[in-house]
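Dropping start-v1.txt in here (compact mmCIF, C-alpha atoms and all ligand atoms):
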# COMPACT_ATOMS: atom_id res chain seq x y z
CA MET C 1 -72.94 125.77 55.98
CA LYS C 2 -71.88 125.92 52.35
CA LEU C 3 -72.70 122.96 50.22
CA VAL C 4 -73.40 121.76 46.72
CA LEU C 5 -76.18 119.26 46.07
CA PHE C 6 -75.07 117.44 43.00
CA GLY C 7 -76.93 115.02 40.74
CA PRO C 8 -78.81 114.59 37.48
CA PRO C 9 -82.18 116.26 36.89
CA GLY C 10 -84.77 114.48 39.03
CA ALA C 11 -82.27 113.22 41.61
CA GLY C 12 -84.17 115.05 44.35
CA LYS C 13 -81.91 118.08 44.82
CA GLY C 14 -84.74 120.60 45.02
CA THR C 15 -86.76 118.40 47.38
CA GLN C 16 -83.86 117.99 49.79
CA ALA C 17 -82.59 121.56 49.50
CA ARG C 18 -85.96 122.86 50.69
CA ARG C 19 -85.79 120.63 53.75
CA ILE C 20 -82.25 121.67 54.66
CA GLN C 21 -83.16 125.29 54.12
CA GLU C 22 -86.03 125.00 56.59
CA GLU C 23 -84.10 123.04 59.17
CA TYR C 24 -80.91 125.11 59.26
CA GLY C 25 -81.97 128.57 58.06
CA VAL C 26 -79.65 128.50 55.09
CA VAL C 27 -80.69 129.57 51.60
CA GLN C 28 -81.34 127.29 48.65
CA LEU C 29 -79.75 128.72 45.54
CA SER C 30 -81.17 127.00 42.50
CA THR C 31 -79.45 128.64 39.57
CA GLY C 32 -82.23 127.43 37.25
CA ASP C 33 -84.87 129.13 39.43
CA MET C 34 -82.69 132.24 39.71
CA LEU C 35 -82.45 132.43 35.92
CA ARG C 36 -86.16 131.82 35.41
CA ALA C 37 -86.89 134.60 37.94
CA ALA C 38 -84.47 136.93 36.12
CA VAL C 39 -86.25 136.22 32.82
CA LYS C 40 -89.58 137.15 34.41
CA SER C 41 -88.15 140.36 35.91
CA GLY C 42 -86.86 141.47 32.50
CA SER C 43 -83.45 142.54 33.92
CA ALA C 44 -80.35 142.66 31.70
CA ILE C 45 -79.24 139.22 32.90
CA GLY C 46 -82.82 138.03 32.40
CA GLN C 47 -82.93 139.09 28.76
CA GLU C 48 -79.66 137.33 28.07
CA ALA C 49 -80.87 134.24 29.96
CA ASP C 50 -84.07 134.16 27.91
CA ARG C 51 -82.13 134.18 24.66
CA VAL C 52 -79.64 131.55 25.83
CA MET C 53 -82.21 129.18 27.34
CA LYS C 54 -84.44 129.36 24.27
CA ALA C 55 -81.44 128.34 22.18
CA GLY C 56 -80.84 125.43 24.59
CA GLN C 57 -77.36 126.70 25.45
CA LEU C 58 -75.58 127.36 28.74
CA MET C 59 -75.21 130.85 30.20
CA PRO C 60 -71.68 132.33 30.15
CA ASP C 61 -69.82 131.20 33.30
CA SER C 62 -68.85 134.73 34.28
CA MET C 63 -72.48 135.78 34.36
CA MET C 64 -73.52 132.83 36.49
CA ILE C 65 -70.68 133.41 38.94
CA GLU C 66 -71.55 137.08 39.22
CA MET C 67 -75.20 136.23 39.87
CA ILE C 68 -74.28 133.74 42.62
CA ALA C 69 -71.70 136.03 44.23
CA GLU C 70 -74.21 138.85 44.43
CA ARG C 71 -76.74 136.50 46.00
CA ILE C 72 -74.53 134.95 48.68
CA LEU C 73 -73.48 138.37 49.93
CA GLN C 74 -77.06 139.17 50.89
CA PRO C 75 -77.85 139.06 54.61
CA ASP C 76 -80.20 136.06 54.41
CA CYS C 77 -77.24 133.91 53.32
CA ALA C 78 -75.33 134.67 56.53
CA LYS C 79 -75.84 131.12 57.84
CA GLY C 80 -74.91 129.61 54.51
CA PHE C 81 -76.27 128.33 51.25
CA ILE C 82 -77.06 125.23 49.27
CA LEU C 83 -76.16 125.33 45.61
CA ASP C 84 -78.53 123.23 43.55
CA GLY C 85 -77.84 122.91 39.83
CA PHE C 86 -74.42 124.56 39.91
CA PRO C 87 -71.62 123.91 38.95
CA ARG C 88 -72.41 122.07 35.72
CA THR C 89 -68.92 121.95 34.24
CA VAL C 90 -65.38 121.65 35.57
CA LYS C 91 -64.75 125.23 34.46
CA GLN C 92 -67.69 126.40 36.53
CA ALA C 93 -66.42 124.45 39.52
CA GLU C 94 -63.04 126.16 39.23
CA ALA C 95 -64.62 129.58 38.78
CA LEU C 96 -66.84 128.96 41.82
CA ASP C 97 -63.82 128.10 43.97
CA GLU C 98 -62.00 131.24 42.85
CA MET C 99 -65.00 133.41 43.60
CA LEU C 100 -65.53 131.87 47.05
CA GLU C 101 -61.87 132.29 47.85
CA ARG C 102 -62.11 135.95 46.88
CA LEU C 103 -64.95 136.27 49.39
CA GLY C 104 -63.01 134.38 52.07
CA LYS C 105 -65.30 131.36 51.88
CA SER C 106 -65.04 127.71 50.85
CA LEU C 107 -67.35 124.73 50.35
CA ASP C 108 -67.88 122.33 53.29
CA CYS C 109 -69.01 119.46 51.11
CA VAL C 110 -70.42 118.32 47.79
CA ILE C 111 -73.11 115.66 48.08
CA GLU C 112 -73.77 113.53 45.03
CA MET C 113 -77.24 111.99 44.84
CA GLN C 114 -77.16 108.83 42.74
CA VAL C 115 -80.32 107.68 40.98
CA ASP C 116 -80.63 105.46 37.93
CA ASP C 117 -81.92 106.75 34.60
CA VAL C 118 -85.19 104.83 34.46
CA GLU C 119 -86.21 106.22 37.84
CA LEU C 120 -85.10 109.75 36.86
CA ILE C 121 -87.32 109.79 33.81
CA GLU C 122 -90.26 108.51 35.84
CA ARG C 123 -89.69 111.13 38.55
CA ILE C 124 -89.36 114.06 36.19
CA SER C 125 -92.31 113.15 34.02
CA GLY C 126 -94.54 113.23 37.13
CA ARG C 127 -93.27 116.26 38.98
CA PHE C 128 -95.12 119.52 39.54
CA SER C 129 -94.87 122.33 42.03
CA CYS C 130 -97.08 124.76 43.88
CA ALA C 131 -97.43 128.09 42.08
CA GLY C 132 -97.86 129.79 45.44
CA CYS C 133 -94.92 128.60 47.55
CA GLY C 134 -92.85 126.42 45.23
CA ALA C 135 -93.32 123.17 47.20
CA GLY C 136 -92.51 120.17 45.00
CA TYR C 137 -94.85 117.25 44.36
CA HIS C 138 -95.08 114.14 42.22
CA ASP C 139 -98.11 112.45 40.67
CA HIS C 140 -97.20 109.06 42.20
CA PHE C 141 -94.32 109.50 44.66
CA LYS C 142 -95.52 112.61 46.49
CA PRO C 143 -99.07 113.68 45.70
CA THR C 144 -100.74 116.48 47.67
CA ARG C 145 -102.62 115.24 50.75
CA ASP C 146 -105.88 116.71 49.48
CA ILE C 147 -106.51 116.68 45.77
CA ASP C 148 -105.32 119.93 44.14
CA ILE C 149 -104.52 121.72 47.41
CA CYS C 150 -100.93 122.50 48.43
CA ASP C 151 -100.04 120.85 51.78
CA GLU C 152 -97.89 123.78 52.76
CA CYS C 153 -99.72 126.95 51.73
CA GLY C 154 -103.23 125.88 50.70
CA SER C 155 -102.88 127.23 47.16
CA GLY C 156 -104.87 125.47 44.44
CA GLU C 157 -102.56 126.44 41.60
CA PHE C 158 -99.73 124.28 40.36
CA THR C 159 -97.15 124.46 37.60
CA ARG C 160 -95.22 121.95 35.53
CA ARG C 161 -91.97 122.84 33.82
CA LEU C 162 -92.35 122.79 30.03
CA ASP C 163 -89.04 120.94 29.68
CA ASP C 164 -90.08 118.11 32.04
CA THR C 165 -90.91 115.66 29.28
CA ALA C 166 -89.35 112.21 28.85
CA GLU C 167 -87.69 113.36 25.62
CA SER C 168 -86.16 116.51 27.11
CA VAL C 169 -85.04 114.55 30.18
CA ARG C 170 -83.10 112.12 28.00
CA ALA C 171 -81.32 115.06 26.36
CA ARG C 172 -80.59 116.67 29.74
CA LEU C 173 -79.26 113.38 31.10
CA LYS C 174 -76.83 113.15 28.20
CA VAL C 175 -75.55 116.67 28.89
CA PHE C 176 -75.21 115.70 32.54
CA ARG C 177 -73.14 112.59 31.76
CA ASP C 178 -70.97 114.35 29.17
CA GLN C 179 -70.36 117.74 30.79
CA THR C 180 -71.43 117.70 34.40
CA ALA C 181 -70.34 114.31 35.77
CA PRO C 182 -66.64 115.20 35.13
CA VAL C 183 -66.99 117.66 38.02
CA LEU C 184 -67.01 114.69 40.43
CA PRO C 185 -63.31 113.80 40.21
CA TYR C 186 -62.53 117.49 40.72
CA TYR C 187 -64.25 117.48 44.11
CA GLU C 188 -63.04 114.00 44.94
CA ALA C 189 -59.47 115.25 44.61
CA LYS C 190 -60.32 117.99 47.08
CA LYS C 191 -61.68 115.35 49.47
CA ILE C 192 -65.03 117.06 49.94
CA LEU C 193 -67.14 114.69 47.83
CA TYR C 194 -69.78 112.47 49.53
CA ARG C 195 -72.06 110.05 47.70
CA ILE C 196 -75.50 108.95 48.76
CA ASP C 197 -78.09 106.59 47.36
CA GLY C 198 -80.81 108.87 46.03
CA MET C 199 -83.09 105.89 45.35
CA ALA C 200 -84.00 105.66 49.03
CA ASP C 201 -87.21 107.30 50.19
CA ILE C 202 -87.27 111.04 50.72
CA ASP C 203 -86.98 110.98 54.55
CA GLU C 204 -84.12 108.49 54.43
CA VAL C 205 -82.21 110.65 51.93
CA THR C 206 -82.69 113.65 54.25
CA ARG C 207 -81.28 111.65 57.18
CA ARG C 208 -78.19 110.72 55.19
CA ILE C 209 -77.60 114.29 54.09
CA LYS C 210 -77.91 115.54 57.67
CA ASN C 211 -75.32 113.02 58.82
CA ILE C 212 -72.86 114.31 56.26
CA LEU C 213 -73.57 117.90 57.30
CA LEU C 214 -73.00 117.02 60.95
CA ALA C 215 -69.59 115.69 60.05
CA THR C 216 -68.49 118.43 57.70
CA ALA C 217 -70.32 121.71 58.21
CA ASN C 218 -70.21 124.24 61.00
CA LEU C 219 -73.83 124.05 62.13
CA SER C 220 -73.81 126.82 64.70
P1 LIG L 1 -84.05 117.85 41.07
O1 LIG L 1 -84.16 119.13 41.84
O2 LIG L 1 -82.79 117.06 41.40
O3 LIG L 1 -84.24 117.97 39.59
P2 LIG L 1 -86.58 117.20 42.40
O4 LIG L 1 -86.29 117.50 43.84
O5 LIG L 1 -87.44 118.16 41.65
O6 LIG L 1 -85.23 116.88 41.59
O7 LIG L 1 -87.27 115.75 42.38
C1 LIG L 1 -87.81 115.21 41.16
C2 LIG L 1 -89.14 114.49 41.42
O8 LIG L 1 -88.90 113.28 42.14
C3 LIG L 1 -90.07 115.31 42.30
O9 LIG L 1 -91.37 115.16 41.78
C4 LIG L 1 -89.96 114.71 43.69
O10 LIG L 1 -91.19 114.78 44.41
C5 LIG L 1 -89.58 113.27 43.39
N1 LIG L 1 -88.61 112.77 44.37
C6 LIG L 1 -87.58 113.45 44.92
N2 LIG L 1 -86.87 112.68 45.77
C7 LIG L 1 -87.46 111.44 45.73
C8 LIG L 1 -87.20 110.18 46.38
N3 LIG L 1 -86.17 110.02 47.25
N4 LIG L 1 -88.03 109.16 46.12
C9 LIG L 1 -89.06 109.31 45.24
N5 LIG L 1 -89.36 110.46 44.60
C10 LIG L 1 -88.57 111.52 44.84
ZN ZN L 2 -97.88 125.97 48.27
Can I see the file as structure tokens?
Amino acid sequence: MKLVLFGPPGAGKGTQARRIQEEYGVVQLSTGDMLRAAVKSGSAIGQEADRVMKAGQLMPDSMMIEMIAERILQPDCAKGFILDGFPRTVKQAEALDEMLERLGKSLDCVIEMQVDDVELIERISGRFSCAGCGAGYHDHFKPTRDIDICDECGSGEFTRRLDDTAESVRARLKVFRDQTAPVLPYYEAKKILYRIDGMADIDEVTRRIKNILLATANLS
């Protein structure tokens, strides 16, 4: 299974990718998380990522592609992967295709999660995640079952992304509309684009994604 979960920040990509990862044993590749981990590790890519992210710019495409290629060749990606947050430009989409082709692979499908802006801002302003296992939560839409205790791992520590403010979200949505949305016609032309209503509740969105995977991906 090789798919891209596509949508603006807050669409629910991370939430759904975790579920698909658990159900099918594929690996969620969030390029944002990969970059943040690289920054923490202090590696060469990490130092460059730190500089670029602080300046609010995008990482060079070649570096992103190299990072993803290295990752999908690792044994835990044998059953497949879910790209979440990549590609963000048409150039990246083209570079991704070239890289996959070089590795003898191709995407099964690209699933676009559609959510309107007002809801996106509300979702992002309330989201937080477990510092222990990364499980995602939301102040109103998906609180922890017990106050301040992670449902999945029992940790009592949580984090909020510094850039998850209403103001930053508006800026990120503009970048999405201007630079990232043009990727859609690219995949539409390849006939691998599927659209789903991301406004539905979390379980319903999962059901719709699974249906698309049943129709397009080799699930063995
Ligand atoms: P993305 O990875 O696309 O930026 P997330 O998966 O982090 O988005 O979801 C953003 C926030 O919205 C999270 O707090 C999550 O709990 C919440 N959320 C995700 N999907 C839904 C949904 N279908 N309905 C309501 N809230 C949702
Ligand atoms: Zn946890």
Which of C:Arg71, C:Arg145, C:Lys2, C:Arg161 sits closest to ligand ZN 2 (chain L) [using only C-alpha atoms and all ligand atoms]: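 Looking only at the distances to ligand ZN 2 (chain L), the closest residue turns out to be C:Arg145.
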Test item: residues lying within 6 Å of ligand LIG 1 (chain L) with only C-alpha atoms and all ligand atoms, as a ChimeraX atom specification: /C:9-15,123-124,126-127,136-138,141-142,198-202
Closest of C:Met53, C:Ala189, C:Leu73, C:Cys109 to Asn211 of chain C - atom-to-atom distances counting only C-alpha atoms: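 Closest to Asn211 of chain C, using only C-alpha atoms: C:Cys109.
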Could you give me, as a PDB file with C-alpha atoms, in the coordinates of the input, the residues within 12 Å of Glu23 of chain C, counting all atoms listed in the file and dropping anything in the same chain fewer than 2 positions from it?
ATOM      1  CA  MET C   1     -72.940 125.770  55.980  1.00  0.00           C
ATOM      2  CA  GLN C  16     -83.860 117.990  49.790  1.00  0.00           C
ATOM      3  CA  ALA C  17     -82.590 121.560  49.500  1.00  0.00           C
ATOM      4  CA  ARG C  18     -85.960 122.860  50.690  1.00  0.00           C
ATOM      5  CA  ARG C  19     -85.790 120.630  53.750  1.00  0.00           C
ATOM      6  CA  ILE C  20     -82.250 121.670  54.660  1.00  0.00           C
ATOM      7  CA  GLN C  21     -83.160 125.290  54.120  1.00  0.00           C
ATOM      8  CA  GLY C  25     -81.970 128.570  58.060  1.00  0.00           C
ATOM      9  CA  VAL C  26     -79.650 128.500  55.090  1.00  0.00           C
ATOM     10  CA  VAL C  27     -80.690 129.570  51.600  1.00  0.00           C
ATOM     11  CA  GLN C  28     -81.340 127.290  48.650  1.00  0.00           C
ATOM     12  CA  LYS C  79     -75.840 131.120  57.840  1.00  0.00           C
ATOM     13  CA  THR C 206     -82.690 113.650  54.250  1.00  0.00           C
ATOM     14  CA  ARG C 207     -81.280 111.650  57.180  1.00  0.00           C
ATOM     15  CA  LYS C 210     -77.910 115.540  57.670  1.00  0.00           C
ATOM     16  CA  LEU C 213     -73.570 117.900  57.300  1.00  0.00           C
ATOM     17  CA  LEU C 219     -73.830 124.050  62.130  1.00  0.00           C
TER      18      LEU C 219
END
Option closest in space to ligand ZN 2 (chain L), from C:Lys191, C:Arg102, C:Val175, C:Phe128 [counting only C-alpha atoms and all ligand atoms]: C:Phe128
d(atom CA of Asp151 of chain C, atom CA of Asp76 of chain C) in Å: 25.1 Å
Residue nearest ligand ZN 2 (chain L) - candidates C:Glu70, C:Asp33, C:Glu157, C:Glu48, atoms counted: all atoms listed in the file: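 When distances to ligand ZN 2 (chain L) are compared using all atoms listed in the file, the smallest one comes from C:Glu157.
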Nearby polymer residues, ligand ZN 2 (chain L), at most 10 Å, all atoms listed in the file, as a list of chain:residue names: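 Here is the list of contacting residues: C:Ser129, C:Cys130, C:Ala131, C:Gly132, C:Cys133, C:Gly134, C:Ala135, C:Gly136, C:Thr144, C:Ile149, C:Cys150, C:Asp151, C:Glu152, C:Cys153, C:Gly154, C:Ser155, C:Gly156, C:Glu157, C:Phe158.
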Point-to-point distance in Å for atom CA of Leu214 of chain C and atom CA of Leu193 of chain C: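 These two atoms are separated by 14.6 Å.
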Among listed residues C:Asp197, C:Asp148, C:Asp108, C:Asp178, nearest Val90 of chain C (using only C-alpha atoms):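 Selected residue with least distance to Val90 of chain C: C:Asp178.
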Point-to-point distance in Å for atom CA of Glu122 of chain C and atom CA of Thr165 of chain C: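 Result for atom CA of Thr165 of chain C versus atom CA of Glu122 of chain C: 9.7 Å, one decimal.
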Best match for closeness to Lys105 of chain C among C:Met67, C:Val169, C:Ile72, C:Leu83, counting all atoms listed in the file: C:Ile72
Kindly provide, as AutoDock Vina command-line options, the centre and edge lengths (Å, one decimal) of an axis-aligned box around all atoms of segment 76-88 of chain C given in the file, with 4 Å on each side.
--center_x -75.9 --center_y 129.1 --center_z 46.8 --size_x 16.6 --size_y 22.0 --size_z 30.1
Spatial neighbours of Ile196 of chain C, max dist 9 Å, all atoms listed in the file, sep filter under 5 positions, as a ChimeraX atom specification: /C:111-114,205,208-209
For Leu58 of chain C: contacts at 10 Å, only C-alpha atoms, fewer than 5 positions along chain excluded, given as a VMD selection string: chain C and resid 49 52 to 53 64 88
Spatial neighbours of Ala37 of chain C, max dist 12 Å, all atoms listed in the file, sep filter under 6 positions, as a CSV table (one decimal) with C-alpha atoms, in the coordinates of the input:
chain,number,residue,atom,x,y,z
C,29,LEU,CA,-79.8,128.7,45.5
C,30,SER,CA,-81.2,127.0,42.5
C,31,THR,CA,-79.4,128.6,39.6
C,43,SER,CA,-83.4,142.5,33.9
C,45,ILE,CA,-79.2,139.2,32.9
C,46,GLY,CA,-82.8,138.0,32.4
C,47,GLN,CA,-82.9,139.1,28.8
C,49,ALA,CA,-80.9,134.2,30.0
C,50,ASP,CA,-84.1,134.2,27.9
C,67,MET,CA,-75.2,136.2,39.9
